[in-house]
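Asks: Structure supplied as entry.cif; contents: mmCIF, C-alpha atoms and all ligand atoms.
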data_structure
loop_
_atom_site.label_atom_id
_atom_site.label_comp_id
_atom_site.auth_asym_id
_atom_site.auth_seq_id
_atom_site.Cartn_x
_atom_site.Cartn_y
_atom_site.Cartn_z
CA MET A 1 -214.07 -121.85 -24.25
CA HIS A 2 -214.44 -124.31 -21.43
CA TRP A 3 -216.93 -124.64 -18.66
CA ASN A 4 -214.29 -123.62 -16.13
CA SER A 5 -213.40 -120.39 -17.87
CA LEU A 6 -217.10 -119.58 -18.28
CA THR A 7 -217.65 -120.10 -14.57
CA ALA A 8 -214.71 -117.84 -13.76
CA LEU A 9 -216.15 -115.18 -16.03
CA ALA A 10 -219.41 -115.24 -14.15
CA LEU A 11 -217.60 -113.46 -11.35
CA VAL A 12 -216.46 -110.55 -13.47
CA ALA A 13 -219.01 -110.14 -16.25
CA PRO A 14 -221.64 -107.51 -15.32
CA ALA A 15 -224.98 -107.33 -17.23
CA SER A 16 -224.47 -110.04 -19.75
CA ALA A 17 -226.57 -113.00 -20.75
CA LEU A 18 -225.23 -116.27 -21.94
CA LEU A 19 -227.23 -119.32 -20.98
CA ARG A 20 -225.45 -122.65 -21.04
CA PHE A 21 -227.27 -125.58 -19.53
CA GLY A 22 -227.59 -129.32 -19.66
CA CYS A 23 -230.74 -131.24 -20.54
CA SER A 24 -231.16 -135.01 -20.08
CA GLN A 25 -232.74 -137.31 -22.62
CA LEU A 26 -236.55 -137.13 -22.79
CA VAL A 27 -237.07 -139.92 -25.32
CA VAL A 28 -235.40 -141.56 -28.34
CA GLU A 29 -237.92 -142.51 -31.02
CA ARG A 30 -239.19 -141.99 -34.55
CA VAL A 31 -241.33 -138.94 -33.87
CA ASP A 32 -241.00 -135.49 -35.48
CA PRO A 33 -243.86 -133.09 -34.67
CA LEU A 34 -242.20 -130.30 -36.69
CA VAL A 35 -241.39 -131.91 -40.07
CA ASN A 36 -243.72 -134.94 -39.91
CA PRO A 37 -246.56 -134.02 -37.52
CA GLY A 38 -248.84 -136.96 -36.76
CA VAL A 39 -246.65 -139.45 -38.65
CA SER A 40 -245.96 -142.53 -36.55
CA PRO A 41 -243.30 -143.67 -37.10
CA SER A 42 -241.53 -140.69 -38.72
CA PRO A 43 -238.89 -141.57 -41.36
CA HIS A 44 -235.86 -141.41 -39.05
CA LEU A 45 -234.96 -141.71 -35.40
CA HIS A 46 -234.50 -138.63 -33.18
CA GLN A 47 -233.16 -137.98 -29.69
CA ILE A 48 -235.31 -135.42 -27.91
CA ILE A 49 -234.78 -133.29 -24.80
CA GLY A 50 -236.93 -130.76 -22.94
CA GLY A 51 -240.52 -130.59 -21.71
CA ASN A 52 -243.01 -133.42 -21.43
CA ALA A 53 -245.58 -131.75 -23.73
CA PHE A 54 -243.61 -133.36 -26.58
CA GLN A 55 -245.90 -135.50 -28.74
CA LEU A 56 -246.73 -136.57 -32.33
CA ASN A 57 -248.76 -133.43 -32.97
CA MET A 58 -247.88 -130.14 -31.31
CA ASP A 59 -250.42 -127.41 -32.08
CA PRO A 60 -248.52 -124.08 -32.15
CA LYS A 61 -251.53 -122.41 -30.51
CA VAL A 62 -251.09 -124.54 -27.40
CA ASP A 63 -248.67 -122.85 -24.97
CA ILE A 64 -246.43 -125.75 -23.93
CA GLY A 65 -244.94 -123.47 -21.28
CA GLU A 66 -248.34 -123.88 -19.58
CA THR A 67 -249.25 -127.48 -20.47
CA ALA A 68 -245.95 -129.27 -19.77
CA THR A 69 -245.47 -130.39 -16.17
CA CYS A 70 -241.76 -131.30 -16.19
CA THR A 71 -238.63 -130.79 -18.25
CA THR A 72 -235.30 -132.58 -18.62
CA CYS A 73 -233.52 -129.19 -18.70
CA GLN A 74 -231.66 -127.56 -15.84
CA PHE A 75 -233.72 -124.35 -16.04
CA SER A 76 -237.10 -125.66 -14.94
CA GLU A 77 -239.11 -122.93 -16.72
CA ASP A 78 -237.79 -124.18 -20.06
CA PHE A 79 -240.37 -126.59 -21.49
CA SER A 80 -239.04 -126.19 -25.05
CA ASN A 81 -238.19 -129.26 -27.10
CA TYR A 82 -234.88 -129.67 -28.86
CA TRP A 83 -233.94 -132.61 -31.05
CA THR A 84 -231.41 -134.01 -33.51
CA ALA A 85 -230.87 -137.20 -35.47
CA VAL A 86 -229.32 -140.20 -33.68
CA LEU A 87 -225.80 -141.45 -34.33
CA PHE A 88 -225.22 -145.13 -35.12
CA PHE A 89 -222.05 -147.16 -35.43
CA GLN A 90 -221.93 -149.59 -38.32
CA HIS A 91 -219.75 -152.65 -37.73
CA ARG A 92 -217.85 -154.01 -40.73
CA ASN A 93 -220.15 -157.05 -40.51
CA GLY A 94 -223.12 -154.78 -41.34
CA SER A 95 -224.81 -154.67 -37.92
CA VAL A 96 -225.53 -151.27 -36.36
CA HIS A 97 -225.55 -150.01 -32.76
CA ARG A 98 -226.85 -146.73 -31.32
CA VAL A 99 -224.01 -144.58 -29.98
CA PRO A 100 -224.67 -143.49 -26.37
CA GLN A 101 -224.74 -139.82 -25.40
CA ILE A 102 -222.84 -138.39 -22.46
CA PRO A 103 -223.10 -134.97 -20.80
CA ASN A 104 -220.53 -132.19 -20.99
CA ALA A 105 -218.11 -131.47 -18.15
CA GLY A 106 -220.04 -129.75 -15.37
CA PHE A 107 -223.22 -131.74 -16.03
CA GLU A 108 -222.08 -135.14 -14.80
CA GLY A 109 -224.95 -137.39 -13.81
CA SER A 110 -227.25 -136.14 -16.54
CA ALA A 111 -228.77 -139.03 -18.49
CA GLY A 112 -227.54 -138.46 -22.06
CA GLY A 113 -229.12 -135.45 -23.71
CA MET A 114 -227.42 -132.27 -24.88
CA THR A 115 -225.97 -128.96 -23.81
CA VAL A 116 -228.00 -125.95 -24.93
CA TYR A 117 -226.78 -122.36 -25.33
CA TYR A 118 -228.64 -119.09 -25.84
CA MET A 119 -226.15 -116.32 -26.60
CA GLN A 120 -226.30 -112.57 -27.09
CA ASP A 121 -222.93 -112.44 -28.84
CA GLY A 122 -220.29 -114.88 -30.00
CA LEU A 123 -218.50 -116.81 -27.27
CA ALA A 124 -215.28 -114.86 -27.79
CA ASN A 125 -217.09 -111.66 -26.79
CA TYR A 126 -217.11 -112.08 -23.02
CA ALA A 127 -219.19 -108.96 -22.47
CA GLN A 128 -222.31 -110.39 -24.20
CA THR A 129 -223.88 -106.95 -24.40
CA SER A 130 -225.91 -106.98 -27.64
CA LYS A 131 -229.64 -106.78 -27.15
CA VAL A 132 -231.58 -109.80 -28.37
CA THR A 133 -235.31 -110.45 -28.68
CA ALA A 134 -236.34 -113.78 -27.20
CA PHE A 135 -238.38 -116.27 -29.24
CA LYS A 136 -242.12 -116.20 -28.66
CA GLN A 137 -244.80 -118.72 -27.82
CA GLY A 138 -245.53 -120.82 -30.95
CA PHE A 139 -242.06 -120.23 -32.45
CA ARG A 140 -240.36 -123.16 -34.20
CA MET A 141 -237.38 -123.61 -36.48
CA LEU A 142 -235.21 -126.16 -38.20
CA VAL A 143 -231.62 -125.88 -39.35
CA GLY A 144 -229.80 -128.36 -41.57
CA GLU A 145 -231.19 -130.69 -44.23
CA ALA A 146 -231.37 -134.43 -43.55
CA SER A 147 -230.92 -135.35 -47.25
CA TYR A 148 -227.64 -133.45 -47.81
CA ARG A 149 -224.54 -135.57 -48.49
CA THR A 150 -222.03 -133.07 -49.92
CA LYS A 151 -220.06 -130.13 -48.59
CA ALA A 152 -221.36 -127.94 -51.43
CA GLU A 153 -224.94 -128.55 -50.22
CA ALA A 154 -224.11 -128.24 -46.53
CA LYS A 155 -222.47 -124.82 -47.07
CA ARG A 156 -225.98 -123.38 -47.25
CA PHE A 157 -225.88 -123.58 -43.44
CA ARG A 158 -223.22 -122.01 -41.32
CA GLN A 159 -221.74 -123.66 -38.31
CA ILE A 160 -223.20 -127.16 -38.30
CA THR A 161 -220.03 -128.98 -37.37
CA TYR A 162 -218.23 -131.79 -35.51
CA THR A 163 -215.44 -131.72 -32.95
CA CYS A 164 -213.28 -134.83 -32.58
CA LEU A 165 -212.83 -134.94 -28.78
CA GLU A 166 -209.33 -135.79 -27.52
CA ASN A 167 -210.81 -135.09 -24.10
CA ILE A 168 -214.07 -133.62 -22.82
CA GLY A 169 -212.71 -130.06 -23.14
CA THR A 170 -211.55 -130.22 -26.79
CA ARG A 171 -213.23 -127.42 -28.78
CA PHE A 172 -211.32 -127.24 -32.05
CA PRO A 173 -210.85 -127.84 -34.87
CA GLU A 174 -214.42 -128.17 -36.11
CA THR A 175 -215.19 -129.99 -39.36
CA MET A 176 -218.30 -130.01 -41.53
CA ASP A 177 -218.11 -133.79 -42.08
CA PHE A 178 -217.60 -136.71 -39.71
CA PRO A 179 -214.08 -137.12 -38.28
CA LYS A 180 -212.18 -139.76 -40.27
CA LYS A 181 -210.22 -141.21 -37.34
CA PRO A 182 -211.26 -142.57 -33.93
CA CYS A 183 -211.98 -139.76 -31.44
CA LYS A 184 -210.76 -140.76 -27.98
CA ALA A 185 -213.42 -138.97 -25.92
CA GLY A 186 -216.22 -139.00 -28.49
CA ILE A 187 -217.64 -136.91 -31.31
CA MET A 188 -219.33 -133.65 -30.41
CA ALA A 189 -222.00 -132.57 -32.92
CA ASN A 190 -222.49 -128.79 -32.90
CA VAL A 191 -225.65 -127.21 -34.30
CA ARG A 192 -225.96 -123.42 -34.40
CA PHE A 193 -229.17 -121.79 -35.60
CA PRO A 194 -229.55 -118.61 -37.66
CA THR A 195 -229.98 -115.44 -35.60
CA CYS A 196 -232.15 -113.09 -37.66
CA TRP A 197 -235.97 -113.40 -37.57
CA ASP A 198 -238.49 -111.82 -39.96
CA GLY A 199 -240.35 -110.54 -36.89
CA LYS A 200 -243.72 -111.80 -38.19
CA ASN A 201 -243.86 -115.54 -38.76
CA LEU A 202 -243.51 -117.97 -35.88
CA ASP A 203 -242.84 -120.75 -38.40
CA SER A 204 -242.73 -121.20 -42.20
CA PRO A 205 -243.53 -124.09 -44.57
CA ASP A 206 -239.86 -125.20 -44.68
CA HIS A 207 -239.43 -124.20 -40.99
CA MET A 208 -236.44 -122.09 -42.13
CA SER A 209 -237.42 -119.14 -44.32
CA HIS A 210 -238.68 -117.03 -41.40
CA MET A 211 -235.03 -117.06 -40.26
CA ALA A 212 -231.83 -115.78 -41.89
CA TYR A 213 -228.12 -115.33 -41.21
CA PRO A 214 -226.55 -111.87 -40.79
CA GLU A 215 -226.29 -109.94 -44.05
CA GLN A 216 -222.54 -109.44 -43.71
CA GLY A 217 -220.09 -111.14 -41.44
CA THR A 218 -221.45 -113.54 -38.86
CA PHE A 219 -223.30 -113.51 -35.57
CA GLU A 220 -219.89 -113.87 -33.90
CA SER A 221 -218.50 -110.81 -35.68
CA GLY A 222 -221.61 -108.74 -34.89
CA GLY A 223 -222.83 -108.71 -38.50
CA PRO A 224 -226.13 -106.85 -39.05
CA CYS A 225 -229.39 -108.66 -39.84
CA PRO A 226 -230.85 -108.20 -43.35
CA ALA A 227 -233.85 -105.86 -43.83
CA SER A 228 -236.04 -108.87 -44.64
CA HIS A 229 -235.20 -110.43 -41.25
CA PRO A 230 -234.45 -107.45 -39.03
CA VAL A 231 -235.00 -108.92 -35.55
CA ARG A 232 -231.87 -110.17 -33.80
CA VAL A 233 -232.66 -113.25 -31.68
CA PRO A 234 -230.35 -115.21 -29.36
CA GLN A 235 -228.01 -117.66 -31.03
CA LEU A 236 -229.32 -121.08 -30.11
CA MET A 237 -226.69 -123.80 -30.12
CA TYR A 238 -226.80 -127.53 -29.34
CA GLU A 239 -223.80 -129.62 -28.38
CA THR A 240 -224.37 -133.38 -28.39
CA ILE A 241 -221.55 -135.61 -27.21
CA TRP A 242 -221.68 -139.03 -28.82
CA ASP A 243 -219.59 -141.42 -26.74
CA THR A 244 -217.82 -143.41 -29.45
CA SER A 245 -215.30 -144.95 -27.02
CA ALA A 246 -216.85 -148.45 -27.27
CA PHE A 247 -216.52 -148.29 -31.07
CA ASN A 248 -213.00 -147.00 -31.54
CA ASP A 249 -211.39 -150.40 -32.20
CA GLN A 250 -210.53 -150.13 -35.89
CA SER A 251 -210.82 -153.89 -36.43
CA MET A 252 -214.60 -153.22 -36.39
CA TRP A 253 -214.30 -150.33 -38.89
CA PRO A 254 -214.88 -150.58 -42.66
CA GLU A 255 -211.97 -152.23 -44.46
CA GLU A 256 -211.72 -149.59 -47.18
CA GLU A 257 -209.08 -146.93 -46.55
CA GLY A 258 -210.45 -143.58 -45.39
CA LYS A 259 -213.95 -144.88 -44.59
CA GLN A 260 -215.38 -144.14 -41.15
CA PRO A 261 -218.14 -146.19 -39.47
CA PHE A 262 -220.58 -143.62 -38.06
CA VAL A 263 -223.98 -143.08 -39.69
CA TRP A 264 -226.78 -140.66 -38.83
CA SER A 265 -230.21 -142.24 -38.35
CA MET A 266 -231.33 -141.02 -41.81
CA GLY A 267 -228.57 -143.10 -43.40
CA ASP A 268 -226.02 -140.29 -43.75
CA LYS A 269 -222.43 -141.56 -43.64
CA THR A 270 -220.93 -138.17 -44.57
CA GLY A 271 -222.12 -135.99 -41.68
CA PHE A 272 -223.40 -133.29 -44.05
CA GLY A 273 -227.04 -134.15 -43.24
CA SER A 274 -226.81 -133.05 -39.59
CA HIS A 275 -229.84 -131.02 -38.49
CA GLY A 276 -231.50 -129.63 -35.37
CA ASP A 277 -235.13 -128.88 -34.55
CA TYR A 278 -236.50 -126.38 -32.04
CA VAL A 279 -239.97 -125.85 -30.59
CA PHE A 280 -240.00 -122.88 -28.19
CA GLY A 281 -241.62 -123.50 -24.82
CA TRP A 282 -240.19 -121.22 -22.11
CA LYS A 283 -242.81 -120.34 -19.54
CA GLY A 284 -244.18 -116.81 -19.79
CA ASP A 285 -241.47 -114.18 -20.29
CA SER A 286 -238.74 -116.24 -18.60
CA LEU A 287 -236.40 -116.38 -21.62
CA GLN A 288 -236.61 -112.63 -22.34
CA ARG A 289 -236.14 -111.90 -18.64
CA ALA A 290 -233.02 -114.10 -18.61
CA MET A 291 -231.60 -112.50 -21.75
CA ASP A 292 -232.05 -109.04 -20.17
CA SER A 293 -230.41 -110.03 -16.87
CA PRO A 294 -226.88 -110.59 -15.64
CA CYS A 295 -226.92 -114.27 -16.51
CA TYR A 296 -223.57 -115.72 -17.34
CA VAL A 297 -224.18 -119.47 -17.32
CA ASN A 298 -225.65 -119.16 -13.82
CA CYS A 299 -228.89 -117.27 -13.95
CA PRO A 300 -230.46 -116.19 -10.65
CA THR A 301 -233.57 -114.83 -12.38
CA LEU A 302 -234.44 -118.37 -13.53
CA LYS A 303 -235.55 -121.35 -11.46
CA THR A 304 -233.15 -124.29 -11.61
CA GLN A 305 -233.66 -127.94 -10.73
CA SER A 306 -231.23 -130.69 -9.80
CA ILE A 307 -229.86 -133.14 -12.35
CA ALA A 308 -231.60 -135.96 -10.45
CA THR A 309 -234.95 -134.19 -10.95
CA GLN A 310 -234.15 -133.50 -14.62
CA ASN A 311 -233.48 -137.20 -15.18
CA LYS A 312 -236.94 -138.14 -13.85
CA CYS A 313 -238.90 -136.31 -16.56
CA SER A 314 -239.92 -138.49 -19.50
CA VAL A 315 -242.74 -139.13 -21.95
CA PRO A 316 -244.29 -142.47 -22.88
CA LYS A 317 -242.99 -143.88 -26.17
CA VAL A 318 -245.45 -143.61 -29.06
CA VAL A 319 -243.45 -145.81 -31.44
CA THR A 320 -242.54 -149.19 -30.03
CA GLU A 321 -239.53 -150.60 -31.82
CA GLU A 322 -236.07 -151.68 -30.71
CA VAL A 323 -233.49 -148.91 -30.99
CA ASP A 324 -230.78 -150.43 -28.78
CA GLY A 325 -228.37 -153.34 -28.94
CA TRP A 326 -226.93 -154.74 -32.18
CA LEU A 327 -229.53 -154.33 -34.92
CA ASP A 328 -229.64 -155.53 -38.54
CA ALA A 329 -230.60 -152.05 -39.68
CA ILE A 330 -231.14 -148.52 -38.44
CA PRO A 331 -234.87 -148.21 -37.53
CA GLY A 332 -236.80 -147.24 -40.67
CA LEU A 333 -233.95 -147.99 -43.07
CA MET A 334 -233.13 -151.07 -45.15
CA PRO A 335 -230.50 -153.47 -43.75
CA ALA A 336 -227.02 -152.67 -45.02
CA GLU A 337 -225.33 -155.04 -47.43
CA LYS A 338 -223.80 -157.78 -45.35
CA LYS A 339 -220.13 -158.54 -45.50
CA ALA A 340 -218.71 -161.85 -44.38
C1 LIG B 401 -221.46 -158.06 -35.82
O1 LIG B 401 -220.64 -157.93 -34.70
C2 LIG B 401 -221.31 -157.69 -33.47
C3 LIG B 401 -220.27 -157.41 -32.39
O2 LIG B 401 -219.41 -158.46 -32.24
C4 LIG B 401 -222.22 -158.87 -33.15
O3 LIG B 401 -222.87 -158.67 -31.94
C5 LIG B 401 -223.21 -159.03 -34.30
O4 LIG B 401 -224.05 -160.15 -34.07
C6 LIG B 401 -222.47 -159.19 -35.61
N1 LIG B 401 -223.43 -159.22 -36.71
C7 LIG B 401 -223.40 -160.12 -37.68
C8 LIG B 401 -224.43 -159.98 -38.74
O5 LIG B 401 -222.58 -161.02 -37.70
#
Since I need it in another form, could you write the structure as C-alpha cells?
Replies:
Amino acid sequence: MHWNSLTALALVAPASALLRFGCSQLVVERVDPLVNPGVSPSPHLHQIIGGNAFQLNMDPKVDIGETATCTTCQFSEDFSNYWTAVLFFQHRNGSVHRVPQIPNAGFEGSAGGMTVYYMQDGLANYAQTSKVTAFKQGFRMLVGEASYRTKAEAKRFRQITYTCLENIGTRFPETMDFPKKPCKAGIMANVRFPTCWDGKNLDSPDHMSHMAYPEQGTFESGGPCPASHPVRVPQLMYETIWDTSAFNDQSMWPEEEGKQPFVWSMGDKTGFGSHGDYVFGWKGDSLQRAMDSPCYVNCPTLKTQSIATQNKCSVPKVVTEEVDGWLDAIPGLMPAEKKA
C-alpha cells in the first residue's frame, strides 16, 4: 500500500479511521524513560519523536497531553513519544557511523523521524470499520526485546520486520533479520505493536504483559482478542527509513561472505533485537475522536501543523556525548575489534 493509493482511498472510504502521519526527530540520545527511568546515560542510544514532555523520568500520573507545549508530529494534539534503537554502519576498519533517517514519500522536508500509523483493521481492509478503543492517559508499552539475536527468540513477536527498499515505495518482501545485500533506497524498519489490552493496567513490569496478540489469526485477519486481554486497541505501527545510500559501497563492508555491516545501537548485528517503545500522550479525547471519525490518513477532526513547525520542536539533550561522524564505538558499547 502506497501513500498515493491511500490518498485516493480517502475520497471513497466513508466512516473509516486509519491515521498515517509523519513525525520529525525530537532528539537522539541515550535516554529511556520507560525501561531505564532516571538512568543517564541509558545502556543504548535511541531516536525519539513526539512531544517535548519527553525526559529522563516520565511520571505516568502526569498528563503529557497537558504539559507538553509542542510536538514533532503532524497531528499537533499528539504529544505521545515514540522511540526505537538507532542504526549504525560498521566499516570493515571497525569504525562506526550513525545511519541518517529520511521521511516517507508524502512527508518530504521532515527532519528524520518516523511514520506512525494507528489502524482499525489491517491495511488490506480498506473499509477500516472495526471498532477500537483508544489508549488512555498514562498508557505505555514496549514491543521487541533488545537482547534477542535469533529468529527462534524473535518469533515471540509478530511483525517486527525490515523492508529492503529498491525505491521509497517498496513494501515487500519483509524479513525478520537485516537484509543481506545493499538496499538502494534504504532499509525500512517496521514495528507493529500487539492489539489486545487487558483493559485494566496502563503498564506492566515488563511493559508488555498488559498487551497480547489476537487469540487466533492476526489483527489483519480480524482474529479475536483472548479473554485475558479482551479490549481491541488500534494497531500502532512505526516505519523508520534508514538511509543507507552512503554506505552501500561493498568495499566498506565486512570481508566475510554473507556478512552485512549494519548494527543496532545495542550491538545487534542480526536485526532480531529490534524494538519500539510507546508513551501515550494524545491531548484529551483526541485519539478516540479520530478513531471514531471518517479519518483516512487525512483527519479533519484533528488539528494539523506544517512540517516546518514540526521540525522546530525539540528538547535539550540530557546526555552530552558524540553520536555523529565516524566513531570508534557505538555510544555505550566497547570498541569493535580493529581490522587493518
Ligand atoms: C575507517 O574509514 C572511515 C571512512 O573512510 C574513516 O573516516 C575512519 O577514520 C576509518 N577508521 C579507522 C580506524 O581507520
Asks: Which residues form the shell of 8 Å around ligand LIG 401 (chain B) when you count all atoms listed in the file, given as a CSV table (one decimal) with C-alpha atoms, keeping the file's coordinate frame?
Replies:
chain,number,residue,atom,x,y,z
A,91,HIS,CA,-219.8,-152.6,-37.7
A,92,ARG,CA,-217.8,-154.0,-40.7
A,93,ASN,CA,-220.2,-157.0,-40.5
A,94,GLY,CA,-223.1,-154.8,-41.3
A,95,SER,CA,-224.8,-154.7,-37.9
A,96,VAL,CA,-225.5,-151.3,-36.4
A,252,MET,CA,-214.6,-153.2,-36.4
A,326,TRP,CA,-226.9,-154.7,-32.2
A,327,LEU,CA,-229.5,-154.3,-34.9
A,328,ASP,CA,-229.6,-155.5,-38.5
A,338,LYS,CA,-223.8,-157.8,-45.4
A,340,ALA,CA,-218.7,-161.8,-44.4
Asks: Give me, please, the distance in Å between CA of Cys70 (chain A) and CA of Arg289 (chain A), quoted to one decimal.
Replies: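 Pair CA of Cys70 (chain A) / CA of Arg289 (chain A) returns 20.3 Å.
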Asks: Could you list, as a PyMOL selection string, every residue within 12 Å of Glu257 (chain A), counting all atoms listed in the file and ignoring same-chain residues fewer than 5 positions away?
Replies: chain A and resi 180-181+250
Asks: Please list as a list in words every residue within 7 Å of Glu239 (chain A), counting all atoms listed in the file and excluding residues in the same chain fewer than 4 positions away.
Replies: Met114, Thr115, Val116, Met188, Ala189, Asn190 and Val191 of chain A
Asks: Write out as a PyMOL selection string the residues lying within 12 Å of Ala212 (chain A), counting all atoms listed in the file and excluding same-chain residues fewer than 4 positions away.
Replies: chain A and resi 141-143+156-158+193-199+207-208+216+218-219+223-233+235
Asks: For the point (-228.9, -113.9, -18.0) in file coordinates, what residues are within 9 Å, counting only C-alpha atoms? Give the answer as a list in words?
Replies: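 Checked against the point, the hits come out as Ala15, Ser16, Ala17, Leu18, Leu19, Leu287, Gln288, Arg289, Ala290, Met291, Asp292, Ser293, Pro294, Cys295, Tyr296, Val297, Asn298, Cys299, Pro300, Thr301 and Leu302 of chain A.
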Asks: Keeping only C-alpha atoms, write the selected residues to a file as a PDB file, keeping the file's coordinate frame.
Replies:
ATOM      1  CA  ALA A  15    -224.980-107.330 -17.230  1.00  0.00           C
ATOM      2  CA  SER A  16    -224.470-110.040 -19.750  1.00  0.00           C
ATOM      3  CA  ALA A  17    -226.570-113.000 -20.750  1.00  0.00           C
ATOM      4  CA  LEU A  18    -225.230-116.270 -21.940  1.00  0.00           C
ATOM      5  CA  LEU A  19    -227.230-119.320 -20.980  1.00  0.00           C
ATOM      6  CA  LEU A 287    -236.400-116.380 -21.620  1.00  0.00           C
ATOM      7  CA  GLN A 288    -236.610-112.630 -22.340  1.00  0.00           C
ATOM      8  CA  ARG A 289    -236.140-111.900 -18.640  1.00  0.00           C
ATOM      9  CA  ALA A 290    -233.020-114.100 -18.610  1.00  0.00           C
ATOM     10  CA  MET A 291    -231.600-112.500 -21.750  1.00  0.00           C
ATOM     11  CA  ASP A 292    -232.050-109.040 -20.170  1.00  0.00           C
ATOM     12  CA  SER A 293    -230.410-110.030 -16.870  1.00  0.00           C
ATOM     13  CA  PRO A 294    -226.880-110.590 -15.640  1.00  0.00           C
ATOM     14  CA  CYS A 295    -226.920-114.270 -16.510  1.00  0.00           C
ATOM     15  CA  TYR A 296    -223.570-115.720 -17.340  1.00  0.00           C
ATOM     16  CA  VAL A 297    -224.180-119.470 -17.320  1.00  0.00           C
ATOM     17  CA  ASN A 298    -225.650-119.160 -13.820  1.00  0.00           C
ATOM     18  CA  CYS A 299    -228.890-117.270 -13.950  1.00  0.00           C
ATOM     19  CA  PRO A 300    -230.460-116.190 -10.650  1.00  0.00           C
ATOM     20  CA  THR A 301    -233.570-114.830 -12.380  1.00  0.00           C
ATOM     21  CA  LEU A 302    -234.440-118.370 -13.530  1.00  0.00           C
TER      22      LEU A 302
END
Asks: Taking all atoms listed in the file into account, name the residue in A:Gly271, A:Gly281, A:Pro33, A:Gly38 that is nearest to Thr175 (chain A).
Replies: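 Smallest separation from Thr175 (chain A) among the options: A:Gly271.
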Asks: Can you complete the atoms of region 159-172 of chain A to N, CA and C atoms and list them as a PDB file, in the coordinates of the input?
Replies:
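Final output, rebuild_7.pdb:
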ATOM      1  N   GLN A 159    -221.970-123.229 -39.684  1.00  0.00           N
ATOM      2  CA  GLN A 159    -221.740-123.660 -38.310  1.00  0.00           C
ATOM      3  C   GLN A 159    -222.533-124.871 -37.848  1.00  0.00           C
ATOM      4  N   ILE A 160    -222.726-125.836 -38.734  1.00  0.00           N
ATOM      5  CA  ILE A 160    -223.200-127.160 -38.300  1.00  0.00           C
ATOM      6  C   ILE A 160    -221.971-128.041 -38.445  1.00  0.00           C
ATOM      7  N   THR A 161    -221.376-128.409 -37.319  1.00  0.00           N
ATOM      8  CA  THR A 161    -220.030-128.980 -37.370  1.00  0.00           C
ATOM      9  C   THR A 161    -219.852-130.152 -36.389  1.00  0.00           C
ATOM     10  N   TYR A 162    -218.629-130.707 -36.417  1.00  0.00           N
ATOM     11  CA  TYR A 162    -218.230-131.790 -35.510  1.00  0.00           C
ATOM     12  C   TYR A 162    -216.900-131.428 -34.870  1.00  0.00           C
ATOM     13  N   THR A 163    -216.734-131.825 -33.616  1.00  0.00           N
ATOM     14  CA  THR A 163    -215.440-131.720 -32.950  1.00  0.00           C
ATOM     15  C   THR A 163    -215.030-133.114 -32.527  1.00  0.00           C
ATOM     16  N   CYS A 164    -213.827-133.523 -32.952  1.00  0.00           N
ATOM     17  CA  CYS A 164    -213.280-134.830 -32.580  1.00  0.00           C
ATOM     18  C   CYS A 164    -212.653-134.643 -31.198  1.00  0.00           C
ATOM     19  N   LEU A 165    -213.254-135.222 -30.155  1.00  0.00           N
ATOM     20  CA  LEU A 165    -212.830-134.940 -28.780  1.00  0.00           C
ATOM     21  C   LEU A 165    -211.632-135.810 -28.369  1.00  0.00           C
ATOM     22  N   GLU A 166    -210.514-135.156 -28.132  1.00  0.00           N
ATOM     23  CA  GLU A 166    -209.330-135.790 -27.520  1.00  0.00           C
ATOM     24  C   GLU A 166    -209.639-136.021 -26.046  1.00  0.00           C
ATOM     25  N   ASN A 167    -210.303-135.021 -25.471  1.00  0.00           N
ATOM     26  CA  ASN A 167    -210.810-135.090 -24.100  1.00  0.00           C
ATOM     27  C   ASN A 167    -212.086-134.268 -24.055  1.00  0.00           C
ATOM     28  N   ILE A 168    -212.748-134.251 -22.914  1.00  0.00           N
ATOM     29  CA  ILE A 168    -214.070-133.620 -22.820  1.00  0.00           C
ATOM     30  C   ILE A 168    -214.022-132.109 -23.089  1.00  0.00           C
ATOM     31  N   GLY A 169    -212.826-131.508 -22.944  1.00  0.00           N
ATOM     32  CA  GLY A 169    -212.710-130.060 -23.140  1.00  0.00           C
ATOM     33  C   GLY A 169    -212.278-129.637 -24.539  1.00  0.00           C
ATOM     34  N   THR A 170    -211.990-130.584 -25.438  1.00  0.00           N
ATOM     35  CA  THR A 170    -211.550-130.220 -26.790  1.00  0.00           C
ATOM     36  C   THR A 170    -212.635-129.382 -27.486  1.00  0.00           C
ATOM     37  N   ARG A 171    -212.239-128.244 -28.081  1.00  0.00           N
ATOM     38  CA  ARG A 171    -213.230-127.420 -28.780  1.00  0.00           C
ATOM     39  C   ARG A 171    -212.837-127.071 -30.215  1.00  0.00           C
ATOM     40  N   PHE A 172    -211.676-127.487 -30.662  1.00  0.00           N
ATOM     41  CA  PHE A 172    -211.320-127.240 -32.050  1.00  0.00           C
ATOM     42  C   PHE A 172    -210.296-128.278 -32.491  1.00  0.00           C
TER      43      PHE A 172
END
